[in-house]
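Listing of protein.csv; format and content: CSV, C-alpha atoms.
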```csv
chain,number,residue,atom,x,y,z
A,145,MET,CA,0.2,13.7,23.8
A,146,SER,CA,-0.3,16.0,20.9
A,147,THR,CA,-2.9,14.8,18.4
A,148,ASP,CA,-0.4,15.5,15.6
A,149,THR,CA,2.5,13.5,17.1
A,150,HIS,CA,2.5,9.8,16.4
A,151,ALA,CA,4.1,7.2,18.7
A,152,PRO,CA,6.8,4.8,17.4
A,153,PHE,CA,5.1,1.8,16.0
A,154,GLU,CA,6.0,-1.8,16.8
A,155,GLU,CA,3.9,-4.4,15.1
A,156,LYS,CA,3.3,-7.8,16.9
A,157,PRO,CA,2.0,-10.2,14.2
A,158,GLU,CA,-0.3,-12.9,15.5
A,159,THR,CA,0.8,-15.4,12.9
A,160,PRO,CA,4.3,-16.1,11.6
A,161,ARG,CA,5.2,-14.0,8.5
A,162,ALA,CA,6.1,-15.6,5.2
A,163,THR,CA,9.7,-15.7,4.1
A,164,GLY,CA,11.2,-15.7,0.6
A,165,GLU,CA,9.0,-14.7,-2.3
A,166,LEU,CA,5.6,-13.3,-1.3
A,167,ILE,CA,4.1,-11.7,-4.4
A,168,ARG,CA,4.6,-12.9,-8.0
A,169,LEU,CA,3.1,-11.6,-11.2
A,170,GLU,CA,3.7,-13.9,-14.2
A,171,ARG,CA,2.9,-12.8,-17.8
A,172,VAL,CA,0.2,-10.5,-16.5
A,173,THR,CA,-1.6,-8.5,-19.2
A,174,LYS,CA,-4.4,-6.0,-18.5
A,175,ARG,CA,-6.3,-4.1,-21.2
A,176,PHE,CA,-9.0,-1.4,-21.1
A,177,GLY,CA,-10.6,-1.6,-24.5
A,178,ASP,CA,-7.9,-1.3,-27.1
A,179,HIS,CA,-5.4,0.1,-24.6
A,180,THR,CA,-2.9,-2.3,-23.0
A,181,VAL,CA,-2.1,-1.0,-19.6
A,182,LEU,CA,0.1,-4.0,-18.4
A,183,ASP,CA,2.0,-5.8,-21.1
A,184,ASN,CA,3.0,-9.4,-20.3
A,185,LEU,CA,4.4,-8.2,-17.0
A,186,ASP,CA,6.7,-10.3,-14.8
A,187,PHE,CA,8.0,-9.3,-11.4
A,188,SER,CA,8.1,-10.5,-7.8
A,189,VAL,CA,8.4,-9.1,-4.3
A,190,ASP,CA,10.1,-10.9,-1.4
A,191,ALA,CA,8.5,-10.9,2.1
A,192,GLY,CA,9.4,-8.0,4.3
A,193,LYS,CA,10.7,-5.9,1.4
A,194,HIS,CA,9.7,-2.4,0.5
A,195,VAL,CA,9.3,-1.9,-3.3
A,196,THR,CA,8.4,1.4,-4.9
A,197,LEU,CA,6.9,1.7,-8.4
A,198,ILE,CA,7.8,4.9,-10.2
A,199,GLY,CA,7.1,6.1,-13.7
A,200,PRO,CA,4.9,8.4,-15.6
A,201,SER,CA,1.1,8.6,-15.1
A,202,GLY,CA,-0.6,5.9,-17.1
A,203,SER,CA,2.3,3.5,-17.0
A,204,GLY,CA,0.4,0.8,-15.2
A,205,LYS,CA,1.6,1.3,-11.6
A,206,THR,CA,-1.8,1.7,-9.9
A,207,THR,CA,-3.3,-1.0,-12.0
A,208,ILE,CA,-0.9,-3.5,-10.4
A,209,LEU,CA,-2.2,-2.5,-6.9
A,210,ARG,CA,-5.8,-2.7,-8.0
A,211,LEU,CA,-5.2,-6.2,-9.4
A,212,LEU,CA,-3.7,-7.3,-6.1
A,213,MET,CA,-6.7,-5.8,-4.2
A,214,THR,CA,-8.9,-7.8,-6.6
A,215,LEU,CA,-10.6,-4.6,-7.7
A,216,LEU,CA,-9.6,-5.6,-11.2
A,217,LYS,CA,-8.9,-8.9,-12.9
A,218,PRO,CA,-6.1,-9.5,-15.3
A,219,ASP,CA,-6.9,-10.5,-18.9
A,220,GLU,CA,-4.0,-12.9,-19.0
A,221,GLY,CA,-1.4,-14.3,-16.6
A,222,VAL,CA,-1.1,-15.5,-13.0
A,223,ILE,CA,-0.9,-13.6,-9.7
A,224,THR,CA,0.3,-15.5,-6.6
A,225,VAL,CA,0.5,-14.2,-3.0
A,226,ASP,CA,2.2,-16.2,-0.3
A,227,GLY,CA,2.2,-19.4,-2.4
A,228,GLN,CA,-1.5,-19.2,-3.2
A,229,GLN,CA,-3.0,-18.1,-6.6
A,230,LEU,CA,-5.0,-14.9,-6.4
A,231,PHE,CA,-5.8,-15.2,-10.2
A,232,PRO,CA,-7.0,-17.4,-11.6
A,233,ALA,CA,-8.6,-19.0,-8.5
A,234,PRO,CA,-12.0,-20.0,-7.0
A,235,GLU,CA,-13.8,-17.1,-5.3
A,236,LYS,CA,-13.4,-18.7,-1.9
A,237,GLN,CA,-9.6,-18.8,-2.3
A,238,VAL,CA,-9.5,-15.3,-3.7
A,239,ARG,CA,-11.3,-14.1,-0.5
A,240,GLU,CA,-8.8,-15.9,1.7
A,241,VAL,CA,-5.8,-14.6,-0.1
A,242,ARG,CA,-7.2,-11.1,-0.2
A,243,LYS,CA,-7.3,-11.0,3.7
A,244,LYS,CA,-3.5,-10.9,3.6
A,245,ILE,CA,-3.5,-7.6,1.7
A,246,GLY,CA,-4.3,-4.1,2.9
A,247,MET,CA,-4.4,-0.9,0.8
A,248,VAL,CA,-4.3,2.8,1.4
A,249,PHE,CA,-5.8,4.8,-1.5
A,250,GLN,CA,-5.3,8.3,-2.8
A,251,GLN,CA,-8.7,9.2,-1.6
A,252,PHE,CA,-9.3,8.2,2.0
A,253,ASN,CA,-12.5,6.1,1.4
A,254,LEU,CA,-13.5,6.3,5.0
A,255,PHE,CA,-17.1,5.5,6.0
A,256,PRO,CA,-18.5,9.0,6.6
A,257,ASN,CA,-21.3,7.9,8.9
A,258,MET,CA,-19.0,6.0,11.3
A,259,SER,CA,-16.7,7.3,14.0
A,260,VAL,CA,-12.9,7.0,13.5
A,261,LEU,CA,-12.9,4.1,16.0
A,262,ARG,CA,-15.6,2.2,14.1
A,263,ASN,CA,-13.9,2.9,10.8
A,264,ILE,CA,-11.0,0.9,12.1
A,265,THR,CA,-12.8,-1.9,13.9
A,266,GLU,CA,-15.5,-2.6,11.3
A,267,ALA,CA,-13.5,-4.9,9.0
A,268,PRO,CA,-11.6,-6.9,11.8
A,269,VAL,CA,-15.0,-7.7,13.4
A,270,THR,CA,-17.0,-8.5,10.3
A,271,VAL,CA,-14.3,-10.0,8.1
A,272,LEU,CA,-11.8,-11.6,10.5
A,273,GLY,CA,-14.4,-12.4,13.2
A,274,MET,CA,-12.4,-10.5,15.9
A,275,SER,CA,-14.3,-9.7,19.1
A,276,LYS,CA,-15.4,-6.1,19.4
A,277,ASP,CA,-13.2,-5.6,22.5
A,278,ALA,CA,-10.1,-7.0,20.8
A,279,ALA,CA,-10.7,-4.9,17.7
A,280,GLU,CA,-11.1,-1.7,19.8
A,281,GLU,CA,-8.0,-2.4,21.8
A,282,ARG,CA,-6.1,-2.9,18.5
A,283,ALA,CA,-7.7,0.3,17.0
A,284,ARG,CA,-6.6,2.4,20.1
A,285,GLU,CA,-3.1,1.1,19.7
A,286,LEU,CA,-3.1,2.1,16.0
A,287,LEU,CA,-4.6,5.5,16.7
A,288,GLU,CA,-1.9,6.2,19.2
A,289,MET,CA,0.6,5.2,16.6
A,290,VAL,CA,-0.8,7.7,14.0
A,291,GLY,CA,-1.2,10.4,16.7
A,292,LEU,CA,-5.0,10.5,16.7
A,293,THR,CA,-6.0,9.1,20.1
A,294,ASP,CA,-8.0,12.3,20.9
A,295,HIS,CA,-10.1,11.9,17.7
A,296,LEU,CA,-11.5,8.4,18.0
A,297,ASP,CA,-15.2,9.5,18.5
A,298,LYS,CA,-15.1,12.0,15.6
A,299,ARG,CA,-16.5,11.5,12.1
A,300,PRO,CA,-14.2,11.8,9.1
A,301,ALA,CA,-15.6,15.1,8.1
A,302,GLN,CA,-14.4,16.6,11.4
A,303,LEU,CA,-10.8,15.7,10.5
A,304,SER,CA,-8.2,17.3,8.2
A,305,GLY,CA,-7.1,15.5,5.1
A,306,GLY,CA,-3.9,14.4,6.7
A,307,GLN,CA,-5.7,13.1,9.7
A,308,GLN,CA,-8.2,11.2,7.5
A,309,GLN,CA,-5.3,9.6,5.6
A,310,ARG,CA,-3.7,8.5,8.9
A,311,VAL,CA,-7.0,6.9,9.9
A,312,ALA,CA,-7.0,5.1,6.6
A,313,ILE,CA,-3.5,3.8,7.3
A,314,ALA,CA,-4.6,2.6,10.8
A,315,ARG,CA,-7.6,0.9,9.2
A,316,ALA,CA,-5.5,-1.0,6.7
A,317,LEU,CA,-3.1,-2.1,9.5
A,318,ALA,CA,-6.0,-3.2,11.7
A,319,MET,CA,-6.4,-6.3,9.5
A,320,ARG,CA,-2.8,-7.3,10.2
A,321,PRO,CA,-1.9,-7.6,6.5
A,322,GLN,CA,1.2,-9.3,5.2
A,323,VAL,CA,1.2,-6.8,2.4
A,324,LEU,CA,0.5,-3.1,2.5
A,325,LEU,CA,-0.3,-1.4,-0.8
A,326,LEU,CA,0.2,2.4,-0.9
A,327,ASP,CA,-1.3,4.2,-3.9
A,328,GLU,CA,-0.1,7.8,-4.1
A,329,VAL,CA,-1.3,8.3,-0.5
A,330,THR,CA,-0.2,11.9,-0.2
A,331,SER,CA,-1.4,13.1,-3.7
A,332,ALA,CA,-4.8,14.4,-2.3
A,333,LEU,CA,-3.2,16.3,0.6
A,334,ASP,CA,-2.3,19.9,1.0
A,335,PRO,CA,1.5,20.2,1.0
A,336,GLU,CA,1.9,21.0,4.6
A,337,LEU,CA,0.1,17.8,5.6
A,338,VAL,CA,2.3,15.5,3.5
A,339,ALA,CA,5.2,15.2,5.9
A,340,GLY,CA,3.2,13.9,8.8
A,341,VAL,CA,1.7,11.1,6.7
A,342,LEU,CA,5.1,10.1,5.3
A,343,ASP,CA,6.6,10.1,8.8
A,344,VAL,CA,4.0,7.5,9.9
A,345,LEU,CA,4.8,5.4,6.8
A,346,ARG,CA,8.5,5.6,7.5
A,347,ASP,CA,7.9,4.4,11.1
A,348,ILE,CA,6.0,1.4,9.7
A,349,ALA,CA,8.7,0.6,7.2
A,350,ARG,CA,11.4,0.8,9.8
A,351,SER,CA,9.7,-1.0,12.7
A,352,THR,CA,7.7,-3.8,11.1
A,353,ASP,CA,8.1,-6.7,8.7
A,354,ILE,CA,5.1,-5.8,6.6
A,355,THR,CA,5.8,-6.1,2.9
A,356,MET,CA,5.2,-2.7,1.2
A,357,LEU,CA,4.4,-2.1,-2.4
A,358,CYS,CA,4.2,1.7,-3.0
A,359,VAL,CA,3.3,3.9,-5.9
A,360,THR,CA,4.5,7.5,-5.3
A,361,HIS,CA,5.8,10.6,-6.9
A,362,GLU,CA,7.5,11.5,-3.5
A,363,MET,CA,11.0,10.6,-4.7
A,364,ASN,CA,12.7,11.4,-1.4
A,365,PHE,CA,10.3,9.1,0.4
A,366,ALA,CA,11.0,6.4,-2.2
A,367,ARG,CA,14.7,6.8,-1.6
A,368,ASP,CA,14.3,6.6,2.2
A,369,ILE,CA,12.1,3.5,2.5
A,370,SER,CA,12.7,1.3,-0.5
A,371,ASP,CA,14.7,-1.9,-0.8
A,372,GLN,CA,14.0,-1.9,-4.5
A,373,VAL,CA,12.7,0.7,-7.0
A,374,LEU,CA,11.0,-0.4,-10.3
A,375,MET,CA,10.8,2.1,-13.1
A,376,PHE,CA,7.6,1.5,-15.3
A,377,ASP,CA,6.9,2.7,-18.7
A,378,SER,CA,4.0,1.6,-21.0
A,379,GLY,CA,3.0,-1.3,-18.8
A,380,ARG,CA,6.5,-2.8,-18.4
A,381,VAL,CA,9.4,-2.7,-15.9
A,382,ILE,CA,12.2,-1.1,-17.9
A,383,GLU,CA,14.7,-0.8,-15.0
A,384,ALA,CA,14.9,-2.2,-11.5
A,385,GLY,CA,17.5,-1.7,-8.7
A,386,SER,CA,18.3,-0.3,-5.4
A,387,PRO,CA,17.4,3.3,-4.7
A,388,GLU,CA,21.0,4.3,-4.9
A,389,LYS,CA,21.3,2.8,-8.4
A,390,ILE,CA,18.0,4.1,-9.8
A,391,PHE,CA,18.3,7.6,-8.4
A,392,ASN,CA,22.1,8.1,-8.8
A,393,GLU,CA,23.1,5.9,-11.7
A,394,PRO,CA,20.0,5.0,-13.9
A,395,GLU,CA,20.9,3.1,-17.0
A,396,HIS,CA,17.8,3.6,-19.1
A,397,ASP,CA,17.3,6.9,-21.0
A,398,ARG,CA,13.6,6.9,-20.1
A,399,THR,CA,14.4,6.6,-16.4
A,400,ARG,CA,16.9,9.5,-16.7
A,401,GLN,CA,14.2,11.6,-18.5
A,402,PHE,CA,11.6,10.8,-15.9
A,403,LEU,CA,13.8,11.6,-12.9
A,404,SER,CA,15.0,14.8,-14.4
A,405,ALA,CA,11.4,15.9,-14.6
A,406,VAL,CA,10.4,15.0,-11.1
A,407,LEU,CA,13.5,15.6,-9.0
```
What would you get if you wrote out this structure as structure tokens?
Amino acid sequence: MSTDTHAPFEEKPETPRATGELIRLERVTKRFGDHTVLDNLDFSVDAGKHVTLIGPSGSGKTTILRLLMTLLKPDEGVITVDGQQLFPAPEKQVREVRKKIGMVFQQFNLFPNMSVLRNITEAPVTVLGMSKDAAEERARELLEMVGLTDHLDKRPAQLSGGQQQRVAIARALAMRPQVLLLDEVTSALDPELVAGVLDVLRDIARSTDITMLCVTHEMNFARDISDQVLMFDSGRVIEAGSPEKIFNEPEHDRTRQFLSAVL
């Protein structure tokens, strides 16, 4: 198999997935100094749905993902995942809820001193307590899915940016998350590498029941994979709807202005 051809992906969850509402943000506010990034925000995501956040830079989209990853804490409000509070909550509960969430960042954030294989197996072994053999079997399956079977012994520096991002996707999936957060995952890639990464994500969206919350400026990708698109401006959702509605018949002037600039 070519190292740049990924295999169709079929996830086999070890535990039953949640149904109904999976993520809820209620009256969430986040400030950095005097600047309010999220302003009394309310929205929810149902299990198995693919929701894309669009809007201008600085409108609060990435901050939402960082709150869900517990990299930031809200100043006000409640965040719930799968019926359990993520904020406010005791630290032990935060750690347990956090295990249900995986994230792929703009920058790949791979461990430079570890092989590709160990980058993927490290967290399942140390955080989930998975055996090394089981973790490696899972990692090999995921590397086949992202088309990198021939690279498992390499270090990240020996890979292209697109290959590193595909390793990062495999690493996030190795934890069998209920929620996959995608933060501008192609923005650091050379243009010719973008399509391969987006194809992998399309496969995941089509063939799994993983809930996806995606921040992207790739509007065609958003149109392809989304069940719902949320338009953000100044820390608020100003319009929400299906991709067809948002991209073809937006109601809000700000949405029309934004789309005319990026499409």
(message) What's around Lys389 of chain A at 12 Å? Count all atoms listed in the file, leave out sequence neighbours fewer than 3 positions away in its own chain, and write the answer as a ChimeraX atom specification.
(response) /A:367,370-375,383-386,392-396,399-400
Go ahead and write the residues just picked, C-alpha atoms, as a PDB file, in the coordinates of the input.
```pdb
ATOM      1  CA  ARG A 367      14.700   6.800  -1.600  1.00  0.00           C
ATOM      2  CA  SER A 370      12.700   1.300  -0.500  1.00  0.00           C
ATOM      3  CA  ASP A 371      14.700  -1.900  -0.800  1.00  0.00           C
ATOM      4  CA  GLN A 372      14.000  -1.900  -4.500  1.00  0.00           C
ATOM      5  CA  VAL A 373      12.700   0.700  -7.000  1.00  0.00           C
ATOM      6  CA  LEU A 374      11.000  -0.400 -10.300  1.00  0.00           C
ATOM      7  CA  MET A 375      10.800   2.100 -13.100  1.00  0.00           C
ATOM      8  CA  GLU A 383      14.700  -0.800 -15.000  1.00  0.00           C
ATOM      9  CA  ALA A 384      14.900  -2.200 -11.500  1.00  0.00           C
ATOM     10  CA  GLY A 385      17.500  -1.700  -8.700  1.00  0.00           C
ATOM     11  CA  SER A 386      18.300  -0.300  -5.400  1.00  0.00           C
ATOM     12  CA  ASN A 392      22.100   8.100  -8.800  1.00  0.00           C
ATOM     13  CA  GLU A 393      23.100   5.900 -11.700  1.00  0.00           C
ATOM     14  CA  PRO A 394      20.000   5.000 -13.900  1.00  0.00           C
ATOM     15  CA  GLU A 395      20.900   3.100 -17.000  1.00  0.00           C
ATOM     16  CA  HIS A 396      17.800   3.600 -19.100  1.00  0.00           C
ATOM     17  CA  THR A 399      14.400   6.600 -16.400  1.00  0.00           C
ATOM     18  CA  ARG A 400      16.900   9.500 -16.700  1.00  0.00           C
TER      19      ARG A 400
END
```
(request) State, in Å with one decimal place, the distance from atom CA of Thr352 of chain A to atom CA of Ala233 of chain A. (result) 29.7 Å
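The interatomic distance for the pair atom CA of Asn257 of chain A and atom CA of Pro335 of chain A works out to 27.1 Å.
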(message) From the options A:Leu215, A:Val329, A:Leu286, A:Ile369, which residue's atoms come nearest to Arg242 of chain A, counting only C-alpha atoms?
(response)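 Among A:Leu215, A:Val329, A:Leu286, A:Ile369, it is A:Leu215 that comes nearest to Arg242 of chain A.
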(message) So that I can see what lies close to Leu216 of chain A, please list as number ranges by chain the residues with an atom at most 12 Å from it, counting all atoms listed in the file and leaving out residues fewer than 2 positions away in the same chain.
(response) A: 173-176, 206-214, 218-219, 223, 230-231
(request) Rank A:Met363, A:Leu261, A:Leu185, A:Val338 by their smallest atom-to-atom distance to Ala312 of chain A, using all atoms listed in the file, and report the top residue only. (result) A:Leu261
Close residues, segment 170-172 of chain A itself excluded, 7 Å, all atoms listed in the file, min 6 positions apart in chain, as a PDB file with C-alpha atoms, keeping the file's coordinate frame:
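Result file follows (around-v7.pdb):
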```pdb
ATOM      1  CA  LEU A 182       0.100  -4.000 -18.400  1.00  0.00           C
ATOM      2  CA  ASP A 183       2.000  -5.800 -21.100  1.00  0.00           C
ATOM      3  CA  ASN A 184       3.000  -9.400 -20.300  1.00  0.00           C
ATOM      4  CA  LEU A 185       4.400  -8.200 -17.000  1.00  0.00           C
ATOM      5  CA  ASP A 186       6.700 -10.300 -14.800  1.00  0.00           C
ATOM      6  CA  PHE A 187       8.000  -9.300 -11.400  1.00  0.00           C
ATOM      7  CA  PRO A 218      -6.100  -9.500 -15.300  1.00  0.00           C
ATOM      8  CA  GLU A 220      -4.000 -12.900 -19.000  1.00  0.00           C
ATOM      9  CA  GLY A 221      -1.400 -14.300 -16.600  1.00  0.00           C
ATOM     10  CA  VAL A 222      -1.100 -15.500 -13.000  1.00  0.00           C
ATOM     11  CA  ILE A 223      -0.900 -13.600  -9.700  1.00  0.00           C
TER      12      ILE A 223
END
```
(message) So, with all atoms listed in the file as the atoms that count, which of A:Leu169, A:Ile313, A:Ile198, A:Ala318 lies closest to Ala279 of chain A?
(response)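 The answer is A:Ala318, which sits nearest to Ala279 of chain A.
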(request) Would you work out the distance separating atom CA of Thr196 of chain A from atom CA of Gly306 of chain A, expressed in Å to one decimal? (result)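 Rounded to one decimal, the two atoms are 21.3 Å apart.
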